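Participant: One structure, as structure tokens, below. Some questions next.
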Amino acid sequence: VTYIIDRNVNYTNVCVAKCKFCAFYRPVGSPEGYVLGFDELFRKIDETIAVGGNQLLLQGGHNPDLPLEWYEDLFRSVKTRYPDFKLHALSPPEVLHIARLNQLSIGQVIGRLVAAGLDSIPGGGAEILVDRVRKLLNCYGKASADEWLGVMREAHRAGLRTTATMMYGTVETDEERIEHARKPRRVSIPRQLNYLFKRAVKQRVCRQIVDGTQCGRPVRAKKLCARCYGRKYQAEH
């Protein structure tokens, strides 16, 4: 287990999803609705860095007045000012909302966000990844269980790391909690296996012949391991 210092910032509370359990959102046109300006977000990042933080967890409502270009401009501005600061941003339902709003595929949206500076995707909006529960909580419309998982699959294809959350204690059963816990693994395990396979394939080994067979010890950049290189050097000098 490792830990980091980051900051959770909600860039807007305007949302059209209207989940039953949410007291945070405000409908479009509400006098209590807000969208944080870039300067305000920069100030929050400065405060985070001042206490040793290195990441912003950026999430918010499904605001129909924020096009994809707004997020791209924000991410580029953040990376220009803070090139080493990480953006852990936009949950799967938010990505899905942006795709719907801009009439783009999930892959296109994630590709553009990564190009703008997105580093990873948080697991918000998962609630319970069972559609019976999601329909009762009125969060099925923002993302079904399969749609949530589908965004994460696209994120992994783009090389991003992701997380998953769980909101329990509402209308779900114990069995549905277990089902929720299992579903993200079906997305993440193939990615992990693919990473390990690629790592194994790319692993370099020492090519020196010792007693008629190749040494085979793992090496980094050189063709020979330290032991065989030393033996070869001694033999030549």
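Chain lettering (A, B, ...) mirrors the order of the structure tokens, residue numbering begins at 1 for each chain separately, and ligand numbering begins at 1 in order of display.
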List as a PyMOL selection string the protein and nucleic acid residues near range 78-92 of chain A, meaning an atom at most 9 Å away when only C-alpha atoms are counted, but skip any in the same chain fewer than 6 places from it.

Facilitator: chain A and resi 38+41-42+45+49+53-60+116-126+143+147-152+162

Participant: Next, dump the selected residues to file, keeping only N, CA and C atoms, as a short mmCIF file (atom, residue, chain, number, x, y, z; two decimals), in the first residue's frame.

Facilitator:
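The new file result.cif reads:
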data_model
loop_
_atom_site.label_atom_id
_atom_site.label_comp_id
_atom_site.auth_asym_id
_atom_site.auth_seq_id
_atom_site.Cartn_x
_atom_site.Cartn_y
_atom_site.Cartn_z
N PHE A 38 -10.45 29.01 -14.01
CA PHE A 38 -9.11 28.44 -14.06
C PHE A 38 -8.22 29.01 -12.95
N LEU A 41 -8.85 27.29 -9.74
CA LEU A 41 -8.26 25.95 -9.74
C LEU A 41 -6.74 26.02 -9.58
N PHE A 42 -6.11 27.00 -10.20
CA PHE A 42 -4.66 27.16 -10.03
C PHE A 42 -4.32 27.46 -8.57
N ILE A 45 -4.38 24.32 -6.63
CA ILE A 45 -3.20 23.51 -6.91
C ILE A 45 -2.00 24.06 -6.16
N ILE A 49 0.30 21.94 -3.56
CA ILE A 49 1.75 21.79 -3.68
C ILE A 49 2.44 22.29 -2.42
N GLY A 53 1.57 18.11 -1.78
CA GLY A 53 0.71 17.35 -2.70
C GLY A 53 1.24 17.33 -4.11
N ASN A 54 0.85 16.30 -4.86
CA ASN A 54 1.32 16.19 -6.24
C ASN A 54 0.22 15.75 -7.21
N GLN A 55 -1.04 15.82 -6.77
CA GLN A 55 -2.12 15.35 -7.65
C GLN A 55 -3.43 16.04 -7.33
N LEU A 56 -4.21 16.28 -8.38
CA LEU A 56 -5.55 16.83 -8.24
C LEU A 56 -6.57 15.79 -8.67
N LEU A 57 -7.48 15.46 -7.75
CA LEU A 57 -8.59 14.58 -8.09
C LEU A 57 -9.75 15.50 -8.48
N LEU A 58 -9.97 15.62 -9.78
CA LEU A 58 -10.92 16.60 -10.32
C LEU A 58 -12.18 15.90 -10.81
N GLN A 59 -13.29 16.21 -10.15
CA GLN A 59 -14.58 15.64 -10.53
C GLN A 59 -15.66 16.70 -10.36
N GLY A 60 -16.79 16.48 -11.01
CA GLY A 60 -17.89 17.44 -10.89
C GLY A 60 -19.17 16.91 -11.51
N ALA A 116 -4.28 16.23 -23.89
CA ALA A 116 -4.30 17.52 -23.20
C ALA A 116 -3.62 17.46 -21.83
N GLY A 117 -3.42 16.23 -21.30
CA GLY A 117 -2.71 16.14 -20.03
C GLY A 117 -3.30 15.21 -18.99
N LEU A 118 -4.38 14.51 -19.30
CA LEU A 118 -4.98 13.59 -18.34
C LEU A 118 -4.01 12.46 -18.00
N ASP A 119 -3.84 12.18 -16.69
CA ASP A 119 -2.91 11.14 -16.26
C ASP A 119 -3.59 9.84 -15.85
N SER A 120 -4.77 9.92 -15.27
CA SER A 120 -5.48 8.72 -14.81
C SER A 120 -6.95 9.08 -14.58
N ILE A 121 -7.78 8.03 -14.45
CA ILE A 121 -9.23 8.24 -14.29
C ILE A 121 -9.69 7.67 -12.95
N PRO A 122 -10.37 8.48 -12.15
CA PRO A 122 -10.87 8.00 -10.85
C PRO A 122 -12.12 7.14 -11.03
N GLY A 123 -12.42 6.35 -10.01
CA GLY A 123 -13.52 5.38 -10.11
C GLY A 123 -14.84 5.86 -9.58
N GLY A 124 -15.07 7.17 -9.56
CA GLY A 124 -16.33 7.71 -9.09
C GLY A 124 -17.51 7.30 -9.96
N GLY A 125 -18.70 7.41 -9.42
CA GLY A 125 -19.90 7.09 -10.19
C GLY A 125 -20.18 5.62 -10.32
N ALA A 126 -19.36 4.78 -9.68
CA ALA A 126 -19.60 3.34 -9.76
C ALA A 126 -20.79 2.95 -8.90
N ALA A 143 -24.95 6.31 -16.36
CA ALA A 143 -24.08 5.23 -16.82
C ALA A 143 -24.59 3.92 -16.28
N GLU A 147 -21.70 0.37 -19.17
CA GLU A 147 -21.13 1.62 -19.71
C GLU A 147 -19.98 2.11 -18.83
N TRP A 148 -20.16 2.02 -17.51
CA TRP A 148 -19.08 2.41 -16.60
C TRP A 148 -17.83 1.57 -16.87
N LEU A 149 -18.01 0.26 -16.94
CA LEU A 149 -16.89 -0.63 -17.19
C LEU A 149 -16.28 -0.40 -18.57
N GLY A 150 -17.14 -0.07 -19.54
CA GLY A 150 -16.67 0.19 -20.89
C GLY A 150 -15.73 1.38 -20.97
N VAL A 151 -16.03 2.43 -20.20
CA VAL A 151 -15.13 3.58 -20.16
C VAL A 151 -13.77 3.17 -19.61
N MET A 152 -13.78 2.35 -18.56
CA MET A 152 -12.52 1.92 -17.98
C MET A 152 -11.72 1.04 -18.93
N THR A 162 -6.55 3.32 -13.52
CA THR A 162 -7.87 3.70 -13.04
C THR A 162 -8.10 3.15 -11.63
#

Participant: For the structure I just gave you, how does DSSP split range 37-183 of chain A - specifically, which residues are strand (DSSP E or B)? Reply as a short mmCIF file (atom, residue, chain, number, x, y, z; two decimals) with N, CA, C and O atoms, in the first residue's frame.

Facilitator:
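Final output, saved to selection_9.cif:
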data_model
loop_
_atom_site.label_atom_id
_atom_site.label_comp_id
_atom_site.auth_asym_id
_atom_site.auth_seq_id
_atom_site.Cartn_x
_atom_site.Cartn_y
_atom_site.Cartn_z
N GLN A 55 -1.04 15.82 -6.77
CA GLN A 55 -2.12 15.35 -7.65
C GLN A 55 -3.43 16.04 -7.33
O GLN A 55 -3.73 16.35 -6.18
N LEU A 56 -4.21 16.28 -8.38
CA LEU A 56 -5.55 16.83 -8.24
C LEU A 56 -6.57 15.79 -8.67
O LEU A 56 -6.49 15.25 -9.77
N LEU A 57 -7.48 15.46 -7.75
CA LEU A 57 -8.59 14.58 -8.09
C LEU A 57 -9.75 15.50 -8.48
O LEU A 57 -10.41 16.10 -7.64
N LEU A 58 -9.97 15.62 -9.78
CA LEU A 58 -10.92 16.60 -10.32
C LEU A 58 -12.18 15.90 -10.81
O LEU A 58 -12.15 15.12 -11.76
N GLN A 59 -13.29 16.21 -10.15
CA GLN A 59 -14.58 15.64 -10.53
C GLN A 59 -15.66 16.70 -10.36
O GLN A 59 -15.47 17.67 -9.63
N LYS A 86 0.02 15.82 -11.25
CA LYS A 86 -0.81 14.78 -11.86
C LYS A 86 -2.29 15.17 -11.88
O LYS A 86 -2.81 15.73 -10.92
N LEU A 87 -2.95 14.83 -12.96
CA LEU A 87 -4.39 15.05 -13.10
C LEU A 87 -5.10 13.70 -13.08
O LEU A 87 -5.09 12.95 -14.04
N HIS A 88 -5.70 13.40 -11.95
CA HIS A 88 -6.52 12.20 -11.76
C HIS A 88 -7.96 12.71 -11.88
O HIS A 88 -8.54 13.18 -10.91
N ALA A 89 -8.51 12.64 -13.08
CA ALA A 89 -9.69 13.46 -13.36
C ALA A 89 -10.77 12.75 -14.16
O ALA A 89 -10.48 11.90 -15.00
N SER A 120 -4.77 9.92 -15.27
CA SER A 120 -5.48 8.72 -14.81
C SER A 120 -6.95 9.08 -14.58
O SER A 120 -7.32 10.26 -14.52
N ILE A 121 -7.78 8.03 -14.45
CA ILE A 121 -9.23 8.24 -14.29
C ILE A 121 -9.69 7.67 -12.95
O ILE A 121 -9.43 6.50 -12.65
N ARG A 161 -4.09 4.39 -15.87
CA ARG A 161 -4.45 3.67 -14.66
C ARG A 161 -5.80 4.19 -14.17
O ARG A 161 -6.13 5.36 -14.37
N THR A 162 -6.55 3.32 -13.52
CA THR A 162 -7.87 3.70 -13.04
C THR A 162 -8.10 3.15 -11.63
O THR A 162 -7.35 2.30 -11.15
#

Participant: Got a sec: who's within 9 Å of Glu32 in chain A, counting only C-alpha atoms, leaving out chain neighbours fewer than 6 positions off, as a list in words?

Facilitator: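 Using only C-alpha atoms, the neighbours found are Asn13, Val14 and Arg26 of chain A.
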
Participant: Mind writing the picked residues with N, CA, C and O atoms as an mmCIF file, in the first residue's frame?

Facilitator:
data_model
loop_
_atom_site.group_PDB
_atom_site.id
_atom_site.type_symbol
_atom_site.label_atom_id
_atom_site.label_comp_id
_atom_site.auth_asym_id
_atom_site.auth_seq_id
_atom_site.Cartn_x
_atom_site.Cartn_y
_atom_site.Cartn_z
ATOM 1 N N ASN A 13 -20.994 22.154 -9.765
ATOM 2 C CA ASN A 13 -22.070 21.394 -9.113
ATOM 3 C C ASN A 13 -23.331 21.352 -9.968
ATOM 4 O O ASN A 13 -24.362 20.835 -9.539
ATOM 5 N N VAL A 14 -23.253 21.912 -11.166
ATOM 6 C CA VAL A 14 -24.384 21.859 -12.096
ATOM 7 C C VAL A 14 -24.428 20.475 -12.729
ATOM 8 O O VAL A 14 -23.426 20.009 -13.283
ATOM 9 N N ARG A 26 -26.819 20.917 -8.366
ATOM 10 C CA ARG A 26 -27.848 21.918 -8.586
ATOM 11 C C ARG A 26 -28.269 21.841 -10.050
ATOM 12 O O ARG A 26 -27.431 21.631 -10.919
#

Participant: Report, in Å with one decimal, the straight-line distance from CA of Thr2 in chain A to CA of Asp174 in chain A.

Facilitator: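 Distance reported for this atom pair: 28.9 Å.
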
Participant: Kindly indicate which residue among A:Gly29, A:Thr48, A:Gly61, A:Gly37 lies nearest to Thr12 in chain A, using only C-alpha atoms for the distances.

Facilitator: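 Closest to Thr12 in chain A, using only C-alpha atoms: A:Gly61.
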
Participant: I'd like to know which of A:Ala50, A:Ser77, A:Ala235, A:Cys22 is closest to Ile5 in chain A, using only C-alpha atoms.

Facilitator: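 Between A:Ala50, A:Ser77, A:Ala235, A:Cys22, the residue approaching Ile5 in chain A most closely is A:Ala50.
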
Participant: Measuring atom to atom with only C-alpha atoms, identify which of A:Arg100, A:Arg177, A:Arg43, A:Lys20 is nearest to Thr165 in chain A.

Facilitator: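 Checking each of A:Arg100, A:Arg177, A:Arg43, A:Lys20 against Thr165 in chain A, counting only C-alpha atoms, the winner is A:Arg177.
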
Participant: I'd like to know which of A:Ile106, A:Leu113, A:Cys215, A:Ala145 is closest to Ile128 in chain A, using only C-alpha atoms.

Facilitator: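 Result for the nearest residue to Ile128 in chain A: A:Ala145.
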
Participant: Write out as a list in words the residues lying within 12 Å of Gly141 in chain A, counting only C-alpha atoms and excluding same-chain residues fewer than 3 positions away.

Facilitator: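 My reading of the contact set: Val16, Ala17, Lys18, Cys19, Lys20, His62, Pro93, Glu94, Leu96, His97, Arg100, Gly125, Asp131, Arg134, Lys135, Leu136, Leu137, Asn138, Ser144, Ala145, Asp146, Glu147 and Trp148 of chain A.
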
Participant: Quick one: pull the distance between CA of Val109 in chain A and CA of Leu68 in chain A, Å, one decimal.

Facilitator: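 Pair CA of Val109 in chain A / CA of Leu68 in chain A returns 7.7 Å.
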